[in-house]
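Q: Before anything else, here's the structure in question.
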Amino acid sequence: MAELSTLARPYAKAAFSYAQQASDLSGWSAALETAAAVSQSEKMRELLDNPQLTSEERAETFLSICSDELGAHASNFIRLLAENHRLQLLPEIVHLFEALKAQAEATLEVEVVSAKTLSDAQTQVLSEKLSRKFEREIHLHCAVDESLLGGAVIRAGDTVIDGTVRGRLAKLAEAMNS
């Protein structure tokens, strides 16, 4: 995984830099998402792995499927990826691009998994507190896991906050055993 990230990073940064200069982050985001989805189809993966095709043939076949949704600059980006044999990196490029976009827009995607459905008031309070903690605009994605005894698990980027009953009991047991 680290190797894919290392290979994809310069392409994600280049796409982000161009999109930012063109004031089209959301447009590039959508184009890259589309291209990544196309690259993940089984037939396209077989095509990308075919050693008999030239880079140009791969690019043209790829673009024949989705060029209407990409635009001229994103199509050129796809050609560059094909030329460098990097089309298979598109999902990782999208992931890195979205991280750069979130950082630039000072937003953070937060996943909240709770034992019960959170009320609107609870989600609003949670969003406000997380916004203060991370100093970013928070986009909450709530899910319910009835296997939790109570509380919630919050995932915000690399940060995980375990506020479940099971997590608290484990911390208590660890403290008692120390």
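In the structure tokens, the first chain shown is A, the next is B, and so on; residue numbers restart at 1 for each chain, and ligands run from 1 in the order shown.
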Pick out the residues sitting within 10 Å of A:Glu83, and hand them over as a VMD selection string; count only C-alpha atoms, and ignore anything fewer than 5 positions along from it in its own chain.
A: chain A and resid 54 to 59 77 to 78
Q: Excluding stretch 157-169 of chain A and any residue of its chain fewer than 3 positions from it, enumerate the residues within 10 Å of it, using only C-alpha atoms, and give them as a list in words.
A: Ala99, Leu108, Glu109, Val110, Glu111, Val112, Val113, Ser114, Ala115, Leu148, Leu149, Gly150, Gly151, Ala152, Val153, Ile154, Leu172, Ala173, Glu174 and Ala175 of chain A
Q: How would the residues just chosen look if you wrote them out with N, CA and C atoms as an mmCIF file, in the first residue's frame?
A:
```cif
data_model
loop_
_atom_site.group_PDB
_atom_site.id
_atom_site.type_symbol
_atom_site.label_atom_id
_atom_site.label_comp_id
_atom_site.auth_asym_id
_atom_site.auth_seq_id
_atom_site.Cartn_x
_atom_site.Cartn_y
_atom_site.Cartn_z
ATOM 1 N N ALA A 99 -7.754 13.960 -0.132
ATOM 2 C CA ALA A 99 -7.122 14.398 1.121
ATOM 3 C C ALA A 99 -6.562 15.809 0.968
ATOM 4 N N LEU A 108 -13.191 18.084 7.063
ATOM 5 C CA LEU A 108 -12.784 16.775 7.541
ATOM 6 C C LEU A 108 -13.988 15.851 7.498
ATOM 7 N N GLU A 109 -13.800 14.698 6.863
ATOM 8 C CA GLU A 109 -14.846 13.676 6.823
ATOM 9 C C GLU A 109 -14.722 12.853 8.094
ATOM 10 N N VAL A 110 -15.801 12.750 8.844
ATOM 11 C CA VAL A 110 -15.791 12.034 10.112
ATOM 12 C C VAL A 110 -16.857 10.947 10.078
ATOM 13 N N GLU A 111 -16.435 9.735 10.427
ATOM 14 C CA GLU A 111 -17.355 8.607 10.498
ATOM 15 C C GLU A 111 -17.688 8.340 11.958
ATOM 16 N N VAL A 112 -18.961 8.293 12.260
ATOM 17 C CA VAL A 112 -19.420 8.022 13.625
ATOM 18 C C VAL A 112 -20.258 6.747 13.585
ATOM 19 N N VAL A 113 -19.805 5.740 14.331
ATOM 20 C CA VAL A 113 -20.551 4.492 14.444
ATOM 21 C C VAL A 113 -21.027 4.402 15.883
ATOM 22 N N SER A 114 -22.348 4.404 16.051
ATOM 23 C CA SER A 114 -22.917 4.420 17.396
ATOM 24 C C SER A 114 -23.820 3.214 17.612
ATOM 25 N N ALA A 115 -24.127 2.968 18.884
ATOM 26 C CA ALA A 115 -24.992 1.846 19.241
ATOM 27 C C ALA A 115 -26.438 2.102 18.823
ATOM 28 N N LEU A 148 -22.564 -2.847 19.348
ATOM 29 C CA LEU A 148 -21.924 -2.035 20.394
ATOM 30 C C LEU A 148 -22.833 -2.019 21.607
ATOM 31 N N LEU A 149 -22.241 -2.071 22.788
ATOM 32 C CA LEU A 149 -23.040 -2.048 24.014
ATOM 33 C C LEU A 149 -23.634 -0.673 24.263
ATOM 34 N N GLY A 150 -22.919 0.349 23.884
ATOM 35 C CA GLY A 150 -23.347 1.726 24.073
ATOM 36 C C GLY A 150 -22.222 2.640 23.660
ATOM 37 N N GLY A 151 -22.514 3.897 23.454
ATOM 38 C CA GLY A 151 -21.508 4.867 23.060
ATOM 39 C C GLY A 151 -21.285 4.877 21.558
ATOM 40 N N ALA A 152 -20.081 5.345 21.151
ATOM 41 C CA ALA A 152 -19.792 5.478 19.728
ATOM 42 C C ALA A 152 -18.292 5.423 19.472
ATOM 43 N N VAL A 153 -17.951 5.092 18.241
ATOM 44 C CA VAL A 153 -16.571 5.152 17.762
ATOM 45 C C VAL A 153 -16.532 6.248 16.710
ATOM 46 N N ILE A 154 -15.581 7.160 16.853
ATOM 47 C CA ILE A 154 -15.455 8.287 15.930
ATOM 48 C C ILE A 154 -14.128 8.161 15.197
ATOM 49 N N LEU A 172 -10.419 0.560 31.631
ATOM 50 C CA LEU A 172 -10.494 0.362 33.076
ATOM 51 C C LEU A 172 -9.732 -0.900 33.476
ATOM 52 N N ALA A 173 -9.940 -1.991 32.740
ATOM 53 C CA ALA A 173 -9.248 -3.247 33.034
ATOM 54 C C ALA A 173 -7.742 -3.085 32.887
ATOM 55 N N GLU A 174 -7.322 -2.360 31.868
ATOM 56 C CA GLU A 174 -5.898 -2.101 31.653
ATOM 57 C C GLU A 174 -5.314 -1.285 32.792
ATOM 58 N N ALA A 175 -6.043 -0.294 33.256
ATOM 59 C CA ALA A 175 -5.582 0.542 34.368
ATOM 60 C C ALA A 175 -5.484 -0.283 35.658
#
```
Q: Please run DSSP on the backbone and report, as a PyMOL selection string, all residues within stretch 25-161 of chain A that come out as strand (DSSP E).
A: chain A and resi 107-114+137-144+152-156+159-161
Q: Please save N, CA and C atoms of the selected residues as a JSON list (two decimals), in the first residue's frame.
A:
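Once everything was written out, this is again29.json:
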```
[["chain", "number", "residue", "atom", "x", "y", "z"],
["A", 107, "THR", "N", -11.80, 21.04, 5.56],
["A", 107, "THR", "CA", -12.91, 20.17, 5.91],
["A", 107, "THR", "C", -12.36, 18.83, 6.37],
["A", 108, "LEU", "N", -13.19, 18.08, 7.06],
["A", 108, "LEU", "CA", -12.78, 16.78, 7.54],
["A", 108, "LEU", "C", -13.99, 15.85, 7.50],
["A", 109, "GLU", "N", -13.80, 14.70, 6.86],
["A", 109, "GLU", "CA", -14.85, 13.68, 6.82],
["A", 109, "GLU", "C", -14.72, 12.85, 8.09],
["A", 110, "VAL", "N", -15.80, 12.75, 8.84],
["A", 110, "VAL", "CA", -15.79, 12.03, 10.11],
["A", 110, "VAL", "C", -16.86, 10.95, 10.08],
["A", 111, "GLU", "N", -16.43, 9.73, 10.43],
["A", 111, "GLU", "CA", -17.35, 8.61, 10.50],
["A", 111, "GLU", "C", -17.69, 8.34, 11.96],
["A", 112, "VAL", "N", -18.96, 8.29, 12.26],
["A", 112, "VAL", "CA", -19.42, 8.02, 13.62],
["A", 112, "VAL", "C", -20.26, 6.75, 13.59],
["A", 113, "VAL", "N", -19.80, 5.74, 14.33],
["A", 113, "VAL", "CA", -20.55, 4.49, 14.44],
["A", 113, "VAL", "C", -21.03, 4.40, 15.88],
["A", 114, "SER", "N", -22.35, 4.40, 16.05],
["A", 114, "SER", "CA", -22.92, 4.42, 17.40],
["A", 114, "SER", "C", -23.82, 3.21, 17.61],
["A", 137, "GLU", "N", -14.16, 22.41, 9.18],
["A", 137, "GLU", "CA", -15.57, 22.14, 8.97],
["A", 137, "GLU", "C", -15.73, 20.62, 8.93],
["A", 138, "ILE", "N", -16.70, 20.12, 9.66],
["A", 138, "ILE", "CA", -16.88, 18.68, 9.81],
["A", 138, "ILE", "C", -18.05, 18.20, 8.96],
["A", 139, "HIS", "N", -17.82, 17.09, 8.25],
["A", 139, "HIS", "CA", -18.89, 16.41, 7.51],
["A", 139, "HIS", "C", -19.07, 15.05, 8.16],
["A", 140, "LEU", "N", -20.16, 14.91, 8.93],
["A", 140, "LEU", "CA", -20.42, 13.67, 9.67],
["A", 140, "LEU", "C", -21.10, 12.64, 8.78],
["A", 141, "HIS", "N", -20.64, 11.40, 8.92],
["A", 141, "HIS", "CA", -21.28, 10.25, 8.28],
["A", 141, "HIS", "C", -21.60, 9.28, 9.41],
["A", 142, "CYS", "N", -22.88, 9.18, 9.74],
["A", 142, "CYS", "CA", -23.29, 8.38, 10.89],
["A", 142, "CYS", "C", -23.78, 7.00, 10.45],
["A", 143, "ALA", "N", -23.43, 6.01, 11.25],
["A", 143, "ALA", "CA", -23.89, 4.65, 11.03],
["A", 143, "ALA", "C", -24.23, 4.04, 12.39],
["A", 144, "VAL", "N", -25.03, 2.99, 12.36],
["A", 144, "VAL", "CA", -25.44, 2.31, 13.59],
["A", 144, "VAL", "C", -24.89, 0.90, 13.57],
["A", 152, "ALA", "N", -20.08, 5.35, 21.15],
["A", 152, "ALA", "CA", -19.79, 5.48, 19.73],
["A", 152, "ALA", "C", -18.29, 5.42, 19.47],
["A", 153, "VAL", "N", -17.95, 5.09, 18.24],
["A", 153, "VAL", "CA", -16.57, 5.15, 17.76],
["A", 153, "VAL", "C", -16.53, 6.25, 16.71],
["A", 154, "ILE", "N", -15.58, 7.16, 16.85],
["A", 154, "ILE", "CA", -15.46, 8.29, 15.93],
["A", 154, "ILE", "C", -14.13, 8.16, 15.20],
["A", 155, "ARG", "N", -14.19, 8.16, 13.87],
["A", 155, "ARG", "CA", -12.97, 8.11, 13.04],
["A", 155, "ARG", "C", -12.89, 9.40, 12.25],
["A", 156, "ALA", "N", -11.84, 10.18, 12.53],
["A", 156, "ALA", "CA", -11.60, 11.46, 11.86],
["A", 156, "ALA", "C", -10.18, 11.44, 11.33],
["A", 159, "THR", "N", -7.28, 9.81, 13.37],
["A", 159, "THR", "CA", -7.67, 9.82, 14.78],
["A", 159, "THR", "C", -8.90, 8.93, 14.98],
["A", 160, "VAL", "N", -8.81, 8.06, 15.97],
["A", 160, "VAL", "CA", -9.94, 7.22, 16.35],
["A", 160, "VAL", "C", -10.24, 7.48, 17.81],
["A", 161, "ILE", "N", -11.48, 7.84, 18.09],
["A", 161, "ILE", "CA", -11.93, 8.09, 19.46],
["A", 161, "ILE", "C", -12.93, 6.99, 19.80]]
```
Q: Determine, counting only C-alpha atoms, which protein, DNA and RNA residues have an atom within 8 Å of an atom of A:Val38; residues of the same chain fewer than 2 positions away are not included. Present the result as a ChimeraX atom specification.
A: /A:34-36,40-41,44,62,65-66
Q: With all heavy atoms retained, could you export that selection as a PDB file, in the first residue's frame?
A:
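The resulting file, again_23.pdb, is reproduced below:
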```pdb
ATOM      1  N   THR A  34     -14.630   9.316 -11.616  1.00  0.00           N
ATOM      2  CA  THR A  34     -15.124   8.579 -12.776  1.00  0.00           C
ATOM      3  C   THR A  34     -14.020   7.722 -13.377  1.00  0.00           C
ATOM      4  O   THR A  34     -14.223   6.535 -13.660  1.00  0.00           O
ATOM      5  CB  THR A  34     -15.663   9.563 -13.853  1.00  0.00           C
ATOM      6  OG1 THR A  34     -16.743  10.301 -13.279  1.00  0.00           O
ATOM      7  CG2 THR A  34     -16.131   8.826 -15.084  1.00  0.00           C
ATOM      8  N   ALA A  35     -12.850   8.312 -13.565  1.00  0.00           N
ATOM      9  CA  ALA A  35     -11.727   7.581 -14.148  1.00  0.00           C
ATOM     10  C   ALA A  35     -11.322   6.411 -13.256  1.00  0.00           C
ATOM     11  O   ALA A  35     -11.014   5.318 -13.752  1.00  0.00           O
ATOM     12  CB  ALA A  35     -10.549   8.520 -14.375  1.00  0.00           C
ATOM     13  N   ALA A  36     -11.323   6.610 -11.949  1.00  0.00           N
ATOM     14  CA  ALA A  36     -10.965   5.528 -11.028  1.00  0.00           C
ATOM     15  C   ALA A  36     -11.976   4.391 -11.110  1.00  0.00           C
ATOM     16  O   ALA A  36     -11.596   3.219 -11.090  1.00  0.00           O
ATOM     17  CB  ALA A  36     -10.867   6.059  -9.603  1.00  0.00           C
ATOM     18  N   GLN A  40     -11.277   0.397 -12.388  1.00  0.00           N
ATOM     19  CA  GLN A  40     -11.519  -0.738 -11.516  1.00  0.00           C
ATOM     20  C   GLN A  40     -12.382  -1.826 -12.145  1.00  0.00           C
ATOM     21  O   GLN A  40     -12.504  -2.903 -11.575  1.00  0.00           O
ATOM     22  CB  GLN A  40     -12.169  -0.274 -10.207  1.00  0.00           C
ATOM     23  CG  GLN A  40     -11.240   0.552  -9.340  1.00  0.00           C
ATOM     24  CD  GLN A  40     -10.005  -0.218  -8.955  1.00  0.00           C
ATOM     25  OE1 GLN A  40      -8.951  -0.046  -9.553  1.00  0.00           O
ATOM     26  NE2 GLN A  40     -10.112  -1.080  -7.990  1.00  0.00           N
ATOM     27  N   SER A  41     -12.995  -1.556 -13.298  1.00  0.00           N
ATOM     28  CA  SER A  41     -13.811  -2.591 -13.931  1.00  0.00           C
ATOM     29  C   SER A  41     -12.903  -3.728 -14.379  1.00  0.00           C
ATOM     30  O   SER A  41     -11.749  -3.530 -14.751  1.00  0.00           O
ATOM     31  CB  SER A  41     -14.605  -2.028 -15.110  1.00  0.00           C
ATOM     32  OG  SER A  41     -13.762  -1.869 -16.229  1.00  0.00           O
ATOM     33  N   MET A  44     -11.528  -3.494 -17.931  1.00  0.00           N
ATOM     34  CA  MET A  44     -10.508  -2.459 -18.078  1.00  0.00           C
ATOM     35  C   MET A  44      -9.197  -2.915 -17.449  1.00  0.00           C
ATOM     36  O   MET A  44      -8.125  -2.669 -17.994  1.00  0.00           O
ATOM     37  CB  MET A  44     -10.976  -1.141 -17.453  1.00  0.00           C
ATOM     38  CG  MET A  44     -10.019   0.010 -17.678  1.00  0.00           C
ATOM     39  SD  MET A  44      -9.577   0.318 -19.420  1.00  0.00           S
ATOM     40  CE  MET A  44     -11.114   0.893 -20.090  1.00  0.00           C
ATOM     41  N   PHE A  62      -9.285   3.674 -22.994  1.00  0.00           N
ATOM     42  CA  PHE A  62      -9.768   4.175 -21.698  1.00  0.00           C
ATOM     43  C   PHE A  62     -10.632   5.410 -21.916  1.00  0.00           C
ATOM     44  O   PHE A  62     -11.740   5.515 -21.383  1.00  0.00           O
ATOM     45  CB  PHE A  62      -8.574   4.505 -20.801  1.00  0.00           C
ATOM     46  CG  PHE A  62      -8.934   4.748 -19.374  1.00  0.00           C
ATOM     47  CD1 PHE A  62      -8.806   3.737 -18.438  1.00  0.00           C
ATOM     48  CD2 PHE A  62      -9.381   5.985 -18.942  1.00  0.00           C
ATOM     49  CE1 PHE A  62      -9.134   3.952 -17.101  1.00  0.00           C
ATOM     50  CE2 PHE A  62      -9.705   6.212 -17.623  1.00  0.00           C
ATOM     51  CZ  PHE A  62      -9.585   5.186 -16.699  1.00  0.00           C
ATOM     52  N   ILE A  65     -14.254   5.323 -23.284  1.00  0.00           N
ATOM     53  CA  ILE A  65     -15.310   4.978 -22.330  1.00  0.00           C
ATOM     54  C   ILE A  65     -15.793   6.198 -21.551  1.00  0.00           C
ATOM     55  O   ILE A  65     -16.982   6.361 -21.318  1.00  0.00           O
ATOM     56  CB  ILE A  65     -14.812   3.897 -21.354  1.00  0.00           C
ATOM     57  CG1 ILE A  65     -14.531   2.626 -22.131  1.00  0.00           C
ATOM     58  CG2 ILE A  65     -15.809   3.642 -20.237  1.00  0.00           C
ATOM     59  CD1 ILE A  65     -13.825   1.553 -21.348  1.00  0.00           C
ATOM     60  N   CYS A  66     -14.867   7.087 -21.174  1.00  0.00           N
ATOM     61  CA  CYS A  66     -15.266   8.143 -20.234  1.00  0.00           C
ATOM     62  C   CYS A  66     -14.814   9.556 -20.604  1.00  0.00           C
ATOM     63  O   CYS A  66     -14.937  10.457 -19.779  1.00  0.00           O
ATOM     64  CB  CYS A  66     -14.759   7.805 -18.835  1.00  0.00           C
ATOM     65  SG  CYS A  66     -12.978   7.636 -18.722  1.00  0.00           S
TER      66      CYS A  66
END
```
Q: Could you pull out the helix (DSSP H, G or I) residues of stretch 38-133 of chain A, going by DSSP on the backbone, and write them as a count of residues only?
A: 71
Q: When you look at A:Leu4 with a cut-off of 10 Å (counting only C-alpha atoms), what residues show up, excluding the ones that are within fewer than 5 positions of it in the same chain? I need them as a list in words.
A: Arg9, Arg86, Gln88, Leu89, Leu90, Pro91, Glu92 and Ile93 of chain A
Q: Nearest to A:Leu118 among A:Arg45, A:Asp145, A:His73, A:Thr61, with distances taken over only C-alpha atoms: which residue is it?
A: A:Asp145
Q: Neighbouring residues of A:Ser75 were defined as those with any atom within 10 Å, considering only C-alpha atoms; residues of the same chain fewer than 3 positions away were excluded. Please report them as a PyMOL selection string.
A: chain A and resi 31+35+59-60+62-63+66-72+78-81
Q: Those same residues, written as a CSV table (one decimal), in the first residue's frame with N, CA and C atoms?
A:
```csv
chain,number,residue,atom,x,y,z
A,31,ALA,N,-14.1,14.1,-12.0
A,31,ALA,CA,-13.5,13.5,-13.2
A,31,ALA,C,-12.6,12.3,-12.7
A,35,ALA,N,-12.9,8.3,-13.6
A,35,ALA,CA,-11.7,7.6,-14.1
A,35,ALA,C,-11.3,6.4,-13.3
A,59,ALA,N,-4.6,4.4,-23.6
A,59,ALA,CA,-5.2,5.7,-23.3
A,59,ALA,C,-6.5,5.9,-24.1
A,60,GLU,N,-6.4,5.7,-25.4
A,60,GLU,CA,-7.5,5.9,-26.3
A,60,GLU,C,-8.7,5.0,-25.9
A,62,PHE,N,-9.3,3.7,-23.0
A,62,PHE,CA,-9.8,4.2,-21.7
A,62,PHE,C,-10.6,5.4,-21.9
A,63,LEU,N,-10.1,6.3,-22.7
A,63,LEU,CA,-10.9,7.6,-22.9
A,63,LEU,C,-12.1,7.4,-23.8
A,66,CYS,N,-14.9,7.1,-21.2
A,66,CYS,CA,-15.3,8.1,-20.2
A,66,CYS,C,-14.8,9.6,-20.6
A,67,SER,N,-14.3,9.8,-21.8
A,67,SER,CA,-13.8,11.1,-22.1
A,67,SER,C,-14.9,12.2,-22.1
A,68,ASP,N,-16.1,11.9,-22.3
A,68,ASP,CA,-17.2,12.9,-22.3
A,68,ASP,C,-17.3,13.5,-20.9
A,69,GLU,N,-17.0,12.7,-19.8
A,69,GLU,CA,-17.2,13.1,-18.5
A,69,GLU,C,-15.9,13.7,-17.9
A,70,LEU,N,-14.8,13.7,-18.6
A,70,LEU,CA,-13.5,14.1,-18.1
A,70,LEU,C,-13.1,15.5,-18.5
A,71,GLY,N,-13.4,15.9,-19.7
A,71,GLY,CA,-12.9,17.2,-20.2
A,71,GLY,C,-11.5,17.1,-20.7
A,72,ALA,N,-11.0,18.1,-21.4
A,72,ALA,CA,-9.8,18.1,-22.1
A,72,ALA,C,-8.6,17.9,-21.2
A,78,ILE,N,-5.0,11.6,-18.1
A,78,ILE,CA,-5.2,10.1,-18.4
A,78,ILE,C,-4.1,9.7,-19.4
A,79,ARG,N,-3.9,10.4,-20.4
A,79,ARG,CA,-2.9,10.1,-21.4
A,79,ARG,C,-1.5,10.0,-20.7
A,80,LEU,N,-1.2,11.0,-19.9
A,80,LEU,CA,0.1,11.0,-19.2
A,80,LEU,C,0.2,9.8,-18.3
A,81,LEU,N,-0.9,9.4,-17.6
A,81,LEU,CA,-0.8,8.2,-16.7
A,81,LEU,C,-0.6,7.0,-17.6
```
Q: Which is closer to A:Asn76 than all the others in A:Ala104, A:Leu130, A:Val125, A:Ala15, using only C-alpha atoms?
A: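 Of all the options, A:Ala15 lies closest to A:Asn76.
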Q: Separation of atom CA of A:Ala82 and atom CA of A:Ser64, in Å?
A: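 Atom CA of A:Ala82 sits 13.6 Å away from atom CA of A:Ser64.
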Q: Which residues are near A:Lys13? Cut-off 9 Å, only C-alpha atoms, ignore same chain within fewer than 3 positions. Put them as a list in words.
A: Ala8, Arg9, Pro10, Phe16, Ser17, Tyr18, Ile93, Leu96, Phe97 and Leu100 of chain A
Q: Record the distance separating atom CA of A:Glu105 and atom CA of A:Gln21, expressed in Å with one decimal.
A: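 Between atom CA of A:Glu105 and atom CA of A:Gln21 the gap works out to 14.0 Å.
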Q: Separation of atom CA of A:Ser26 and atom CA of A:Ala74, in Å?
A: 12.6 Å
